[in-house]
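**Q** Please find input-v3.cif (mmCIF, C-alpha atoms) on the next line:
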```cif
data_final
#
loop_
_atom_site.group_PDB
_atom_site.id
_atom_site.type_symbol
_atom_site.label_atom_id
_atom_site.label_comp_id
_atom_site.auth_asym_id
_atom_site.auth_seq_id
_atom_site.Cartn_x
_atom_site.Cartn_y
_atom_site.Cartn_z
ATOM 1 C CA MET A 30 84.672 130.599 102.641
ATOM 2 C CA LYS A 31 86.235 129.191 105.792
ATOM 3 C CA VAL A 32 89.248 131.156 106.961
ATOM 4 C CA ILE A 33 91.096 127.947 107.793
ATOM 5 C CA ASP A 34 90.668 126.888 104.149
ATOM 6 C CA ILE A 35 92.097 130.220 103.021
ATOM 7 C CA ILE A 36 95.089 129.683 105.311
ATOM 8 C CA ASN A 37 95.647 126.079 104.261
ATOM 9 C CA ASN A 38 95.158 126.668 100.537
ATOM 10 C CA GLU A 39 97.482 129.627 100.120
ATOM 11 C CA THR A 40 100.071 129.188 97.407
ATOM 12 C CA GLU A 41 101.795 132.554 97.694
ATOM 13 C CA GLU A 42 104.673 132.914 100.114
ATOM 14 C CA ARG A 43 103.500 136.267 101.461
ATOM 15 C CA ASN A 44 99.947 136.872 102.647
ATOM 16 C CA PHE A 45 98.400 139.219 105.157
ATOM 17 C CA SER A 46 95.214 140.125 106.967
ATOM 18 C CA PHE A 47 94.367 143.038 109.197
ATOM 19 C CA GLU A 48 92.131 144.132 112.041
ATOM 20 C CA VAL A 49 89.917 147.203 112.199
ATOM 21 C CA LEU A 50 87.915 148.867 114.933
ATOM 22 C CA PRO A 51 84.237 149.803 114.484
ATOM 23 C CA PRO A 52 83.747 153.573 114.297
ATOM 24 C CA LEU A 53 82.883 155.593 117.362
ATOM 25 C CA LYS A 54 79.192 156.071 117.950
ATOM 26 C CA GLY A 55 77.837 158.635 115.504
ATOM 27 C CA THR A 56 81.003 159.136 113.438
ATOM 28 C CA GLY A 57 80.027 157.182 110.338
ATOM 29 C CA THR A 58 82.036 154.713 108.276
ATOM 30 C CA ALA A 59 84.156 156.987 106.062
ATOM 31 C CA ASN A 60 87.433 156.561 107.967
ATOM 32 C CA LEU A 61 86.926 152.815 108.313
ATOM 33 C CA PHE A 62 86.263 152.349 104.614
ATOM 34 C CA ASP A 63 89.222 154.575 103.769
ATOM 35 C CA THR A 64 91.493 152.219 105.744
ATOM 36 C CA ILE A 65 90.121 149.205 103.886
ATOM 37 C CA ASP A 66 90.371 150.968 100.512
ATOM 38 C CA ARG A 67 94.039 151.716 101.133
ATOM 39 C CA LEU A 68 94.890 148.125 102.059
ATOM 40 C CA ARG A 69 92.672 146.036 99.809
ATOM 41 C CA GLN A 70 94.780 146.791 96.717
ATOM 42 C CA PHE A 71 97.449 144.517 98.223
ATOM 43 C CA GLY A 72 95.071 141.541 98.514
ATOM 44 C CA PRO A 73 94.283 140.957 102.190
ATOM 45 C CA ARG A 74 93.016 137.447 102.867
ATOM 46 C CA PHE A 75 90.484 138.504 105.488
ATOM 47 C CA ILE A 76 89.557 141.362 107.827
ATOM 48 C CA ASN A 77 88.992 141.091 111.556
ATOM 49 C CA ILE A 78 86.541 143.400 113.305
ATOM 50 C CA THR A 79 87.369 143.901 116.951
ATOM 51 C CA THR A 80 84.951 144.705 119.738
ATOM 52 C CA HIS A 81 85.373 145.959 123.281
ATOM 53 C CA HIS A 82 83.744 145.901 126.677
ATOM 54 C CA SER A 83 81.371 148.730 127.472
ATOM 55 C CA GLU A 84 83.114 151.571 129.231
ATOM 56 C CA TYR A 85 82.233 153.219 132.522
ATOM 57 C CA VAL A 86 81.716 156.959 132.746
ATOM 58 C CA TYR A 87 80.779 159.095 135.714
ATOM 59 C CA LYS A 88 77.782 161.393 135.196
ATOM 60 C CA GLU A 89 77.201 164.237 137.610
ATOM 61 C CA LEU A 90 73.727 164.231 139.139
ATOM 62 C CA ASP A 91 71.630 167.229 140.161
ATOM 63 C CA ASN A 92 72.622 166.718 143.786
ATOM 64 C CA GLY A 93 76.311 167.068 142.952
ATOM 65 C CA GLN A 94 77.090 163.378 143.337
ATOM 66 C CA PHE A 95 78.377 161.173 140.532
ATOM 67 C CA GLU A 96 76.747 158.055 139.172
ATOM 68 C CA ARG A 97 78.729 155.343 137.444
ATOM 69 C CA GLN A 98 77.129 154.494 134.105
ATOM 70 C CA GLN A 99 78.031 151.927 131.499
ATOM 71 C CA ILE A 100 78.138 152.996 127.853
ATOM 72 C CA ARG A 101 79.248 151.525 124.549
ATOM 73 C CA ARG A 102 81.372 153.916 122.563
ATOM 74 C CA ARG A 103 81.710 151.612 119.556
ATOM 75 C CA PRO A 104 78.486 149.706 118.897
ATOM 76 C CA GLY A 105 77.787 147.858 115.679
ATOM 77 C CA THR A 106 80.458 145.171 115.317
ATOM 78 C CA ILE A 107 78.033 142.777 113.632
ATOM 79 C CA ALA A 108 76.576 145.484 111.391
ATOM 80 C CA ILE A 109 80.058 146.688 110.403
ATOM 81 C CA ALA A 110 81.097 143.116 109.587
ATOM 82 C CA ALA A 111 78.060 142.771 107.323
ATOM 83 C CA ALA A 112 78.743 146.133 105.679
ATOM 84 C CA ILE A 113 82.379 145.236 104.943
ATOM 85 C CA GLN A 114 81.452 141.831 103.558
ATOM 86 C CA HIS A 115 78.755 143.366 101.343
ATOM 87 C CA LYS A 116 80.881 146.286 100.109
ATOM 88 C CA TYR A 117 84.177 144.502 99.545
ATOM 89 C CA ASN A 118 83.414 140.790 99.269
ATOM 90 C CA ILE A 119 86.365 140.069 101.548
ATOM 91 C CA PRO A 120 85.917 137.426 104.286
ATOM 92 C CA VAL A 121 85.247 139.103 107.614
ATOM 93 C CA ILE A 122 85.861 137.774 111.108
ATOM 94 C CA PRO A 123 84.007 139.551 113.889
ATOM 95 C CA HIS A 124 85.299 139.108 117.402
ATOM 96 C CA VAL A 125 82.849 137.490 119.797
ATOM 97 C CA ILE A 126 83.821 138.088 123.416
ATOM 98 C CA CYS A 127 82.756 137.129 126.918
ATOM 99 C CA SER A 128 83.434 140.542 128.400
ATOM 100 C CA GLY A 129 80.388 142.675 129.110
ATOM 101 C CA VAL A 130 77.751 140.332 127.690
ATOM 102 C CA THR A 131 75.499 137.551 128.894
ATOM 103 C CA ILE A 132 75.151 134.063 127.487
ATOM 104 C CA GLU A 133 71.829 135.129 125.992
ATOM 105 C CA ASP A 134 73.460 138.169 124.355
ATOM 106 C CA ILE A 135 76.000 135.855 122.721
ATOM 107 C CA GLU A 136 73.268 133.524 121.519
ATOM 108 C CA TYR A 137 71.546 136.392 119.731
ATOM 109 C CA GLU A 138 74.875 137.501 118.268
ATOM 110 C CA LEU A 139 75.306 134.024 116.809
ATOM 111 C CA LEU A 140 71.790 134.078 115.368
ATOM 112 C CA ASP A 141 72.303 137.510 113.803
ATOM 113 C CA LEU A 142 75.646 136.507 112.317
ATOM 114 C CA GLN A 143 74.178 133.322 110.921
ATOM 115 C CA PHE A 144 71.314 135.266 109.312
ATOM 116 C CA LEU A 145 73.922 137.493 107.653
ATOM 117 C CA GLY A 146 75.936 134.541 106.370
ATOM 118 C CA ILE A 147 78.954 135.415 108.532
ATOM 119 C CA THR A 148 80.266 132.173 109.980
ATOM 120 C CA ASN A 149 83.963 132.875 110.660
ATOM 121 C CA LEU A 150 84.596 134.081 114.211
ATOM 122 C CA LEU A 151 87.445 134.927 116.553
ATOM 123 C CA LEU A 152 86.473 133.865 120.069
ATOM 124 C CA LEU A 153 88.010 135.788 122.962
ATOM 125 C CA ARG A 154 87.440 136.422 126.629
ATOM 126 C CA GLY A 155 87.995 140.130 126.078
ATOM 127 C CA ASP A 156 89.642 142.708 128.275
ATOM 128 C CA LYS A 157 88.544 143.582 131.753
ATOM 129 C CA ALA A 158 86.500 146.720 132.226
ATOM 130 C CA LYS A 159 88.735 149.785 132.359
ATOM 131 C CA ASP A 160 88.142 150.543 136.040
ATOM 132 C CA ASP A 161 88.179 146.935 137.279
ATOM 133 C CA LYS A 162 91.324 145.540 138.874
ATOM 134 C CA SER A 163 90.737 142.098 137.362
ATOM 135 C CA PHE A 164 88.347 140.495 134.919
ATOM 136 C CA VAL A 165 84.825 140.209 136.298
ATOM 137 C CA PRO A 166 82.394 138.120 134.249
ATOM 138 C CA THR A 167 79.015 139.644 133.555
ATOM 139 C CA ALA A 168 76.166 138.085 135.513
ATOM 140 C CA ASN A 169 75.034 135.030 133.559
ATOM 141 C CA GLY A 170 78.068 135.419 131.328
ATOM 142 C CA HIS A 171 81.253 133.476 130.635
ATOM 143 C CA ALA A 172 84.476 133.745 132.594
ATOM 144 C CA HIS A 173 86.754 132.005 130.074
ATOM 145 C CA THR A 174 87.159 131.608 126.324
ATOM 146 C CA THR A 175 86.735 127.854 126.728
ATOM 147 C CA ASP A 176 83.242 128.481 128.109
ATOM 148 C CA LEU A 177 82.445 130.620 125.078
ATOM 149 C CA ILE A 178 83.778 127.909 122.768
ATOM 150 C CA ALA A 179 81.531 125.368 124.482
ATOM 151 C CA GLN A 180 78.507 127.582 123.798
ATOM 152 C CA VAL A 181 79.423 127.979 120.128
ATOM 153 C CA ASN A 182 79.952 124.221 119.832
ATOM 154 C CA GLN A 183 76.553 123.582 121.397
ATOM 155 C CA PHE A 184 74.993 126.024 118.932
ATOM 156 C CA ASN A 185 76.796 124.289 116.062
ATOM 157 C CA ASN A 186 75.401 120.974 117.307
ATOM 158 C CA GLY A 187 71.866 122.311 117.020
ATOM 159 C CA PHE A 188 71.022 123.372 120.574
ATOM 160 C CA PHE A 189 70.435 126.652 122.345
ATOM 161 C CA THR A 190 72.101 127.238 125.700
ATOM 162 C CA ASP A 191 69.011 126.060 127.588
ATOM 163 C CA GLY A 192 69.126 122.739 125.735
ATOM 164 C CA THR A 193 66.247 123.550 123.392
ATOM 165 C CA PRO A 194 66.788 122.101 119.904
ATOM 166 C CA ILE A 195 67.261 124.599 117.087
ATOM 167 C CA LYS A 196 64.488 123.713 114.642
ATOM 168 C CA VAL A 197 66.409 124.807 111.558
ATOM 169 C CA PRO A 198 70.158 124.779 112.279
ATOM 170 C CA GLY A 199 72.107 127.006 109.952
ATOM 171 C CA THR A 200 75.665 126.855 108.702
ATOM 172 C CA PRO A 201 77.942 126.034 111.639
ATOM 173 C CA PHE A 202 80.566 128.517 112.789
ATOM 174 C CA ASP A 203 84.316 128.108 112.367
ATOM 175 C CA PHE A 204 86.565 129.938 114.756
ATOM 176 C CA GLY A 205 90.032 130.944 115.771
ATOM 177 C CA VAL A 206 91.389 132.146 119.096
ATOM 178 C CA ALA A 207 94.098 134.395 120.511
ATOM 179 C CA CYS A 208 97.473 133.397 121.944
ATOM 180 C CA TYR A 209 100.338 135.177 123.642
ATOM 181 C CA PRO A 210 104.014 134.669 122.704
ATOM 182 C CA GLU A 211 105.076 136.384 125.940
ATOM 183 C CA LYS A 212 102.191 134.795 127.891
ATOM 184 C CA HIS A 213 98.882 136.281 128.950
ATOM 185 C CA GLU A 214 99.250 138.734 131.801
ATOM 186 C CA GLU A 215 97.133 136.514 134.083
ATOM 187 C CA ALA A 216 98.874 133.234 133.274
ATOM 188 C CA PRO A 217 101.288 132.033 135.973
ATOM 189 C CA ASN A 218 103.779 130.854 133.342
ATOM 190 C CA ILE A 219 104.150 130.275 129.617
ATOM 191 C CA GLU A 220 103.706 126.508 129.952
ATOM 192 C CA MET A 221 100.257 126.862 131.485
ATOM 193 C CA ASP A 222 99.308 129.485 128.927
ATOM 194 C CA ILE A 223 100.178 127.035 126.147
ATOM 195 C CA MET A 224 98.173 124.357 127.950
ATOM 196 C CA TYR A 225 95.118 126.615 127.674
ATOM 197 C CA LEU A 226 95.813 127.123 123.971
ATOM 198 C CA LYS A 227 95.930 123.350 123.548
ATOM 199 C CA GLN A 228 92.542 123.115 125.308
ATOM 200 C CA LYS A 229 91.081 125.641 122.873
ATOM 201 C CA GLN A 230 92.463 123.625 119.975
ATOM 202 C CA ASP A 231 90.979 120.420 121.380
ATOM 203 C CA LEU A 232 87.611 122.167 121.658
ATOM 204 C CA GLY A 233 87.684 123.091 117.975
ATOM 205 C CA ALA A 234 89.798 126.204 117.443
ATOM 206 C CA GLN A 235 91.221 126.007 113.924
ATOM 207 C CA TYR A 236 93.969 128.610 114.184
ATOM 208 C CA ALA A 237 95.371 131.173 116.614
ATOM 209 C CA VAL A 238 96.428 134.793 116.159
ATOM 210 C CA THR A 239 99.085 136.162 118.497
ATOM 211 C CA GLN A 240 99.112 139.263 120.605
ATOM 212 C CA LEU A 241 101.456 141.868 119.132
ATOM 213 C CA PHE A 242 105.188 141.421 119.631
ATOM 214 C CA PHE A 243 108.350 143.172 118.483
ATOM 215 C CA ASP A 244 110.880 140.389 118.958
ATOM 216 C CA ASN A 245 110.604 137.561 116.432
ATOM 217 C CA GLU A 246 112.625 135.244 118.648
ATOM 218 C CA LYS A 247 109.811 135.396 121.214
ATOM 219 C CA TYR A 248 107.406 134.226 118.515
ATOM 220 C CA PHE A 249 109.678 131.464 117.227
ATOM 221 C CA ASP A 250 110.291 130.177 120.759
ATOM 222 C CA PHE A 251 106.573 130.244 121.527
ATOM 223 C CA VAL A 252 105.682 128.280 118.400
ATOM 224 C CA LYS A 253 108.393 125.719 119.187
ATOM 225 C CA MET A 254 107.048 125.256 122.719
ATOM 226 C CA ALA A 255 103.466 125.068 121.484
ATOM 227 C CA ARG A 256 104.322 122.386 118.929
ATOM 228 C CA ALA A 257 106.133 120.378 121.600
ATOM 229 C CA ALA A 258 102.980 120.593 123.728
ATOM 230 C CA GLY A 259 100.784 119.216 120.939
ATOM 231 C CA VAL A 260 99.449 122.437 119.427
ATOM 232 C CA THR A 261 99.200 121.777 115.695
ATOM 233 C CA ILE A 262 96.933 124.588 114.466
ATOM 234 C CA PRO A 263 98.398 127.520 112.504
ATOM 235 C CA ILE A 264 99.770 130.270 114.754
ATOM 236 C CA ILE A 265 99.537 133.555 112.868
ATOM 237 C CA PRO A 266 101.844 136.352 114.070
ATOM 238 C CA GLY A 267 100.020 139.542 115.034
ATOM 239 C CA ILE A 268 102.048 142.678 114.329
ATOM 240 C CA LYS A 269 101.633 146.363 115.146
ATOM 241 C CA PRO A 270 104.316 148.965 114.408
ATOM 242 C CA PHE A 271 105.852 151.131 117.074
ATOM 243 C CA GLY A 272 104.532 154.644 116.557
ATOM 244 C CA LYS A 273 105.091 157.177 119.343
ATOM 245 C CA LEU A 274 107.761 158.108 121.856
ATOM 246 C CA SER A 275 105.342 157.458 124.713
ATOM 247 C CA GLN A 276 104.941 153.850 123.597
ATOM 248 C CA LEU A 277 108.401 153.047 124.948
ATOM 249 C CA THR A 278 106.784 152.725 128.379
ATOM 250 C CA VAL A 279 103.091 152.419 127.484
ATOM 251 C CA VAL A 280 103.316 149.400 125.166
ATOM 252 C CA PRO A 281 105.091 147.047 127.615
ATOM 253 C CA LYS A 282 102.602 147.998 130.325
ATOM 254 C CA THR A 283 99.487 147.779 128.159
ATOM 255 C CA PHE A 284 100.289 144.750 126.026
ATOM 256 C CA HIS A 285 102.705 142.962 128.371
ATOM 257 C CA CYS A 286 105.398 142.535 125.762
ATOM 258 C CA ASP A 287 109.053 143.522 125.732
ATOM 259 C CA LEU A 288 110.763 145.787 123.265
ATOM 260 C CA PRO A 289 114.074 144.311 122.092
ATOM 261 C CA GLN A 290 117.070 146.274 123.350
ATOM 262 C CA GLU A 291 118.052 147.140 119.791
ATOM 263 C CA LEU A 292 114.657 148.761 119.162
ATOM 264 C CA ALA A 293 114.513 150.471 122.557
ATOM 265 C CA SER A 294 117.984 151.930 122.043
ATOM 266 C CA GLU A 295 116.911 153.461 118.738
ATOM 267 C CA VAL A 296 113.665 154.813 120.190
ATOM 268 C CA VAL A 297 115.492 156.840 122.853
ATOM 269 C CA LYS A 298 117.453 158.530 120.071
ATOM 270 C CA CYS A 299 114.232 159.768 118.447
ATOM 271 C CA LYS A 300 113.393 163.433 119.000
ATOM 272 C CA THR A 301 109.794 163.478 117.796
ATOM 273 C CA ASP A 302 106.836 161.155 117.290
ATOM 274 C CA ALA A 303 107.477 161.428 113.554
ATOM 275 C CA ASP A 304 110.962 159.983 114.140
ATOM 276 C CA ALA A 305 109.470 157.168 116.230
ATOM 277 C CA LYS A 306 106.892 156.413 113.576
ATOM 278 C CA ALA A 307 109.544 156.209 110.850
ATOM 279 C CA LEU A 308 111.609 153.906 113.050
ATOM 280 C CA GLY A 309 108.546 151.736 113.677
ATOM 281 C CA ILE A 310 107.885 151.383 109.969
ATOM 282 C CA GLU A 311 111.487 150.400 109.301
ATOM 283 C CA TRP A 312 111.621 147.942 112.223
ATOM 284 C CA THR A 313 108.304 146.296 111.381
ATOM 285 C CA THR A 314 109.144 145.972 107.688
ATOM 286 C CA HIS A 315 112.339 144.088 108.595
ATOM 287 C CA GLN A 316 110.476 142.083 111.229
ATOM 288 C CA CYS A 317 107.911 140.921 108.678
ATOM 289 C CA GLN A 318 110.563 140.169 106.068
ATOM 290 C CA GLU A 319 112.274 137.913 108.603
ATOM 291 C CA LEU A 320 109.006 136.138 109.408
ATOM 292 C CA TYR A 321 108.273 135.530 105.734
ATOM 293 C CA ALA A 322 111.840 134.335 105.136
ATOM 294 C CA ALA A 323 111.374 131.838 107.981
ATOM 295 C CA GLY A 324 108.457 130.257 106.133
ATOM 296 C CA ILE A 325 105.594 132.116 107.798
ATOM 297 C CA LYS A 326 103.017 132.712 105.071
ATOM 298 C CA ASP A 327 100.493 134.815 106.996
ATOM 299 C CA ILE A 328 100.925 137.998 109.021
ATOM 300 C CA HIS A 329 98.066 139.778 110.764
ATOM 301 C CA PHE A 330 98.314 143.555 111.215
ATOM 302 C CA TYR A 331 96.695 145.584 113.974
ATOM 303 C CA THR A 332 95.782 148.925 112.406
ATOM 304 C CA ILE A 333 94.303 150.731 115.412
ATOM 305 C CA SER A 334 96.129 154.070 115.787
ATOM 306 C CA ALA A 335 98.601 152.861 113.166
ATOM 307 C CA VAL A 336 96.778 152.972 109.837
ATOM 308 C CA ASP A 337 99.314 155.098 107.968
ATOM 309 C CA ALA A 338 102.239 153.033 109.225
ATOM 310 C CA VAL A 339 100.593 149.702 108.393
ATOM 311 C CA CYS A 340 99.729 150.935 104.897
ATOM 312 C CA GLN A 341 103.373 151.913 104.304
ATOM 313 C CA ILE A 342 104.649 148.604 105.686
ATOM 314 C CA VAL A 343 102.305 146.576 103.502
ATOM 315 C CA LYS A 344 103.392 148.688 100.521
ATOM 316 C CA ASN A 345 107.017 147.934 101.379
ATOM 317 C CA LEU A 346 106.297 144.203 101.563
ATOM 318 C CA PHE A 347 104.038 143.797 98.571
#
```
Produce structure tokens that represent the structure in this file.
**A**
Amino acid sequence: MKVIDIINNETEERNFSFEVLPPLKGTGTANLFDTIDRLRQFGPRFINITTHHSEYVYKELDNGQFERQQIRRRPGTIAIAAAIQHKYNIPVIPHVICSGVTIEDIEYELLDLQFLGITNLLLLRGDKAKDDKSFVPTANGHAHTTDLIAQVNQFNNGFFTDGTPIKVPGTPFDFGVACYPEKHEEAPNIEMDIMYLKQKQDLGAQYAVTQLFFDNEKYFDFVKMARAAGVTIPIIPGIKPFGKLSQLTVVPKTFHCDLPQELASEVVKCKTDADAKALGIEWTTHQCQELYAAGIKDIHFYTISAVDAVCQIVKNLF
């Protein structure tokens, strides 16, 4: 089923989805399935499976020098998506990214996903490599999400990237994209960032999921500006609870979002990470209640490093 149809056909006033991370290489699926088991009782509408750029490590050579090598710590996004769909019969949305892959790699991803009957995607540029100062596209890869969208559209229209016709086109892909209530870190201003979102919509994006935020007013203002700029697709709020004392400085730097003064003031009163986690659960529960009360029907939860908190929040809400 198309995710956009799920979003548009919802009759309940409170719905949610969540994002999971493929397991580390060699660690199995037990923890991942435990997360899903704990949340599925509350009726998630779909599950996103994130993916990341390969990471660089430095391996010491026999001569004492170090060689920079590229590794993937979390392979198997497509396989995990298939496993979740088979085990739980819940719509899955794997992330397809530009970062770290070639155009040909993406083409084979699309073929594999189509063979598996997985045709809902979230299309993203992806993060820069950890040690790079700025995003560097892979050789023969895409630099922007709009380029990736163009490739998916060409595939949907029955052509490979080299222009060769696909003899037996399969079910076309439907896709969403990301957006940033406090603007992408590389955007010069929020207006231009929204312009790029409008371009993604015009190229076929059916909905957008936001980067995490802690201040609902930032989300409401962003949606208002986006609507004024002609963005009509659903904009689903992405939420992750505050969880550790260190996040007071790490989260703004990593995710380029502000903590409201009210939240920050309470965090500095916390003595332990357990205190911070409890505060995060309380804050996020109220944050989601406010979003639902404002007429937002769908909330997307980021569970990475926050599974227990998200489970408690969803329990509080449902």
**Q** Here's the selection I'm unsure about, the PyMOL selection byres ((chain A and resi 30) around 10); applied to the file above, which residues does it give, as a ChimeraX atom specification?
**A** /A:31-35,119-121,147-149
**Q** Could you expand the PyMOL selection byres ((chain A and resi 118) around 12) into the explicit residues it covers here, written as a list in words?
**A**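 Going through the file, the PyMOL selection byres ((chain A and resi 118) around 12) ends up selecting Met30, Ile65, Arg69, Gly72, Pro73, Arg74, Phe75, Ile76, Ala110, Ala111, Ala112, Ile113, Gln114, His115, Lys116, Tyr117, Ile119, Pro120, Val121 and Ile147 of chain A.
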**Q** Report as a PyMOL selection string the full result of the PyMOL selection byres ((chain A and resi 246-260) around 6) when it is applied to this structure.
**A** chain A and resi 210+227+244-245+261-262
**Q** Using only C-alpha atoms, can you list as an mmCIF file with C-alpha atoms, in the coordinates of the input the residues within 6 Å of (77.0, 132.7, 130.3)?
**A**
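Output saved as part02.cif:
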```cif
data_model
loop_
_atom_site.group_PDB
_atom_site.id
_atom_site.type_symbol
_atom_site.label_atom_id
_atom_site.label_comp_id
_atom_site.auth_asym_id
_atom_site.auth_seq_id
_atom_site.Cartn_x
_atom_site.Cartn_y
_atom_site.Cartn_z
ATOM 1 C CA THR A 131 75.499 137.551 128.894
ATOM 2 C CA ILE A 132 75.151 134.063 127.487
ATOM 3 C CA ASN A 169 75.034 135.030 133.559
ATOM 4 C CA GLY A 170 78.068 135.419 131.328
ATOM 5 C CA HIS A 171 81.253 133.476 130.635
#
```
**Q** Here is a test: counting only C-alpha atoms, which residue of A:Ile264, A:Ala179, A:Val297, A:Ala216 is nearest to A:His329?
**A**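 Smallest separation from A:His329 among the options: A:Ile264.
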**Q** Please indicate the distance in Å from atom CA of A:Thr332 to atom CA of A:Gly155, rounded to one decimal place.
**A**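 Atom CA of A:Gly155 lies at a distance of 18.0 Å from atom CA of A:Thr332.
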**Q** May I have the protein, DNA and RNA residues with any atom at most 9 Å from the point (83.3, 154.6, 115.3), counting all atoms listed in the file, written as number ranges by chain?
**A** A: 50-58, 60-61, 102-105
**Q** Using Å and a single decimal, report how far atom CA of A:Ile268 sits from atom CA of A:Gly205.
**A**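 Interatomic distance here is 16.9 Å.
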**Q** How many Å separate atom CA of A:Thr239 from atom CA of A:Pro266?
**A**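 A separation of 5.2 Å between them.
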**Q** Given all atoms listed in the file, how would the per-residue table for stretch 147-228 of chain A near stretch 285-290 of chain A read, listing every residue at most 8 Å away with its closest atom pair and distance in Å to one decimal, sorted by chain and number, as a Markdown table?
**A**
```
| residue | atom | partner | partner_atom | distance |
| --- | --- | --- | --- | --- |
| A:Glu211 | CA | A:Cys286 | CA | 6.2 |
| A:His213 | CA | A:His285 | CA | 7.7 |
| A:Glu214 | CA | A:His285 | CA | 6.4 |
```
**Q** In terms of the shortest atom-to-atom distance over all atoms listed in the file, which of A:Trp312, A:Phe284, A:Val336, A:Glu215 is closest to A:Lys162?
**A** A:Glu215
**Q** I need the residue nearest A:Asp304 from this list: A:Leu274, A:Ile325, A:Ile78, A:Ala108. Use only C-alpha atoms for the distance.
**A**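 Answer, going by the shortest atom-to-atom distance: A:Leu274.
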**Q** Would you list the contacts of A:Lys269 as a ChimeraX atom specification, taking every protein, DNA or RNA residue within 10 Å and counting only C-alpha atoms, but skipping same-chain residues closer than 5 positions in sequence?
**A** /A:47,240-243,309-310,313,329-336,338-339
**Q** Excluding same-chain residues fewer than 3 positions from A:Gly146, what lies within 9 Å of it counting all atoms listed in the file, as a ChimeraX atom specification?
**A** /A:111,141-143,200
**Q** How big is the axis-aligned box around all listed atoms of stretch 227-245 of chain A once 8 Å goes on each side, and where's its centre, in Å to one decimal, as AutoDock Vina command-line options?
**A**
```
--center_x 99.2 --center_y 131.8 --center_z 119.6 --size_x 39.3 --size_y 38.8 --size_z 27.4
```
**Q** Which residues, written as a list in words, have at least one atom at most 7 Å from stretch 305-307 of chain A, with all atoms listed in the file counted and residues fewer than 2 positions away on the same chain left out?
**A**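 Residues meeting the cut-off are Phe271, Gly272, Lys273, Leu274, Val296, Cys299, Thr301, Asp302, Ala303, Gly309, Ile310 and Glu311 of chain A.
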**Q** Generate N, CA, C and O atoms for stretch 66-76 of chain A and emit them as a tab-separated table (two decimals), keeping the file's coordinate frame.
**A**
```
chain	number	residue	atom	x	y	z
A	66	ASP	N	90.05	150.62	101.90
A	66	ASP	CA	90.37	150.97	100.51
A	66	ASP	C	91.88	151.05	100.29
A	66	ASP	O	92.40	150.63	99.25
A	67	ARG	N	92.59	151.55	101.28
A	67	ARG	CA	94.04	151.72	101.13
A	67	ARG	C	94.78	150.38	101.20
A	67	ARG	O	95.86	150.24	100.63
A	68	LEU	N	94.21	149.41	101.88
A	68	LEU	CA	94.89	148.12	102.06
A	68	LEU	C	94.41	147.03	101.11
A	68	LEU	O	95.15	146.09	100.83
A	69	ARG	N	93.21	147.15	100.60
A	69	ARG	CA	92.67	146.04	99.81
A	69	ARG	C	93.40	145.86	98.48
A	69	ARG	O	93.40	144.76	97.91
A	70	GLN	N	94.06	146.91	97.99
A	70	GLN	CA	94.78	146.79	96.72
A	70	GLN	C	95.92	145.78	96.81
A	70	GLN	O	96.39	145.28	95.79
A	71	PHE	N	96.35	145.46	98.04
A	71	PHE	CA	97.45	144.52	98.22
A	71	PHE	C	96.96	143.09	98.49
A	71	PHE	O	97.75	142.19	98.75
A	72	GLY	N	95.62	142.89	98.44
A	72	GLY	CA	95.07	141.54	98.51
A	72	GLY	C	95.00	140.92	99.89
A	72	GLY	O	95.48	139.78	100.06
A	73	PRO	N	94.42	141.59	100.88
A	73	PRO	CA	94.28	140.96	102.19
A	73	PRO	C	93.41	139.71	102.11
A	73	PRO	O	92.45	139.66	101.34
A	74	ARG	N	93.76	138.70	102.91
A	74	ARG	CA	93.02	137.45	102.87
A	74	ARG	C	91.71	137.53	103.66
A	74	ARG	O	90.73	136.89	103.31
A	75	PHE	N	91.71	138.31	104.72
A	75	PHE	CA	90.48	138.50	105.49
A	75	PHE	C	90.66	139.72	106.38
A	75	PHE	O	91.77	140.24	106.53
A	76	ILE	N	89.55	140.19	106.96
A	76	ILE	CA	89.56	141.36	107.83
A	76	ILE	C	88.89	141.00	109.14
A	76	ILE	O	87.77	140.47	109.16
```
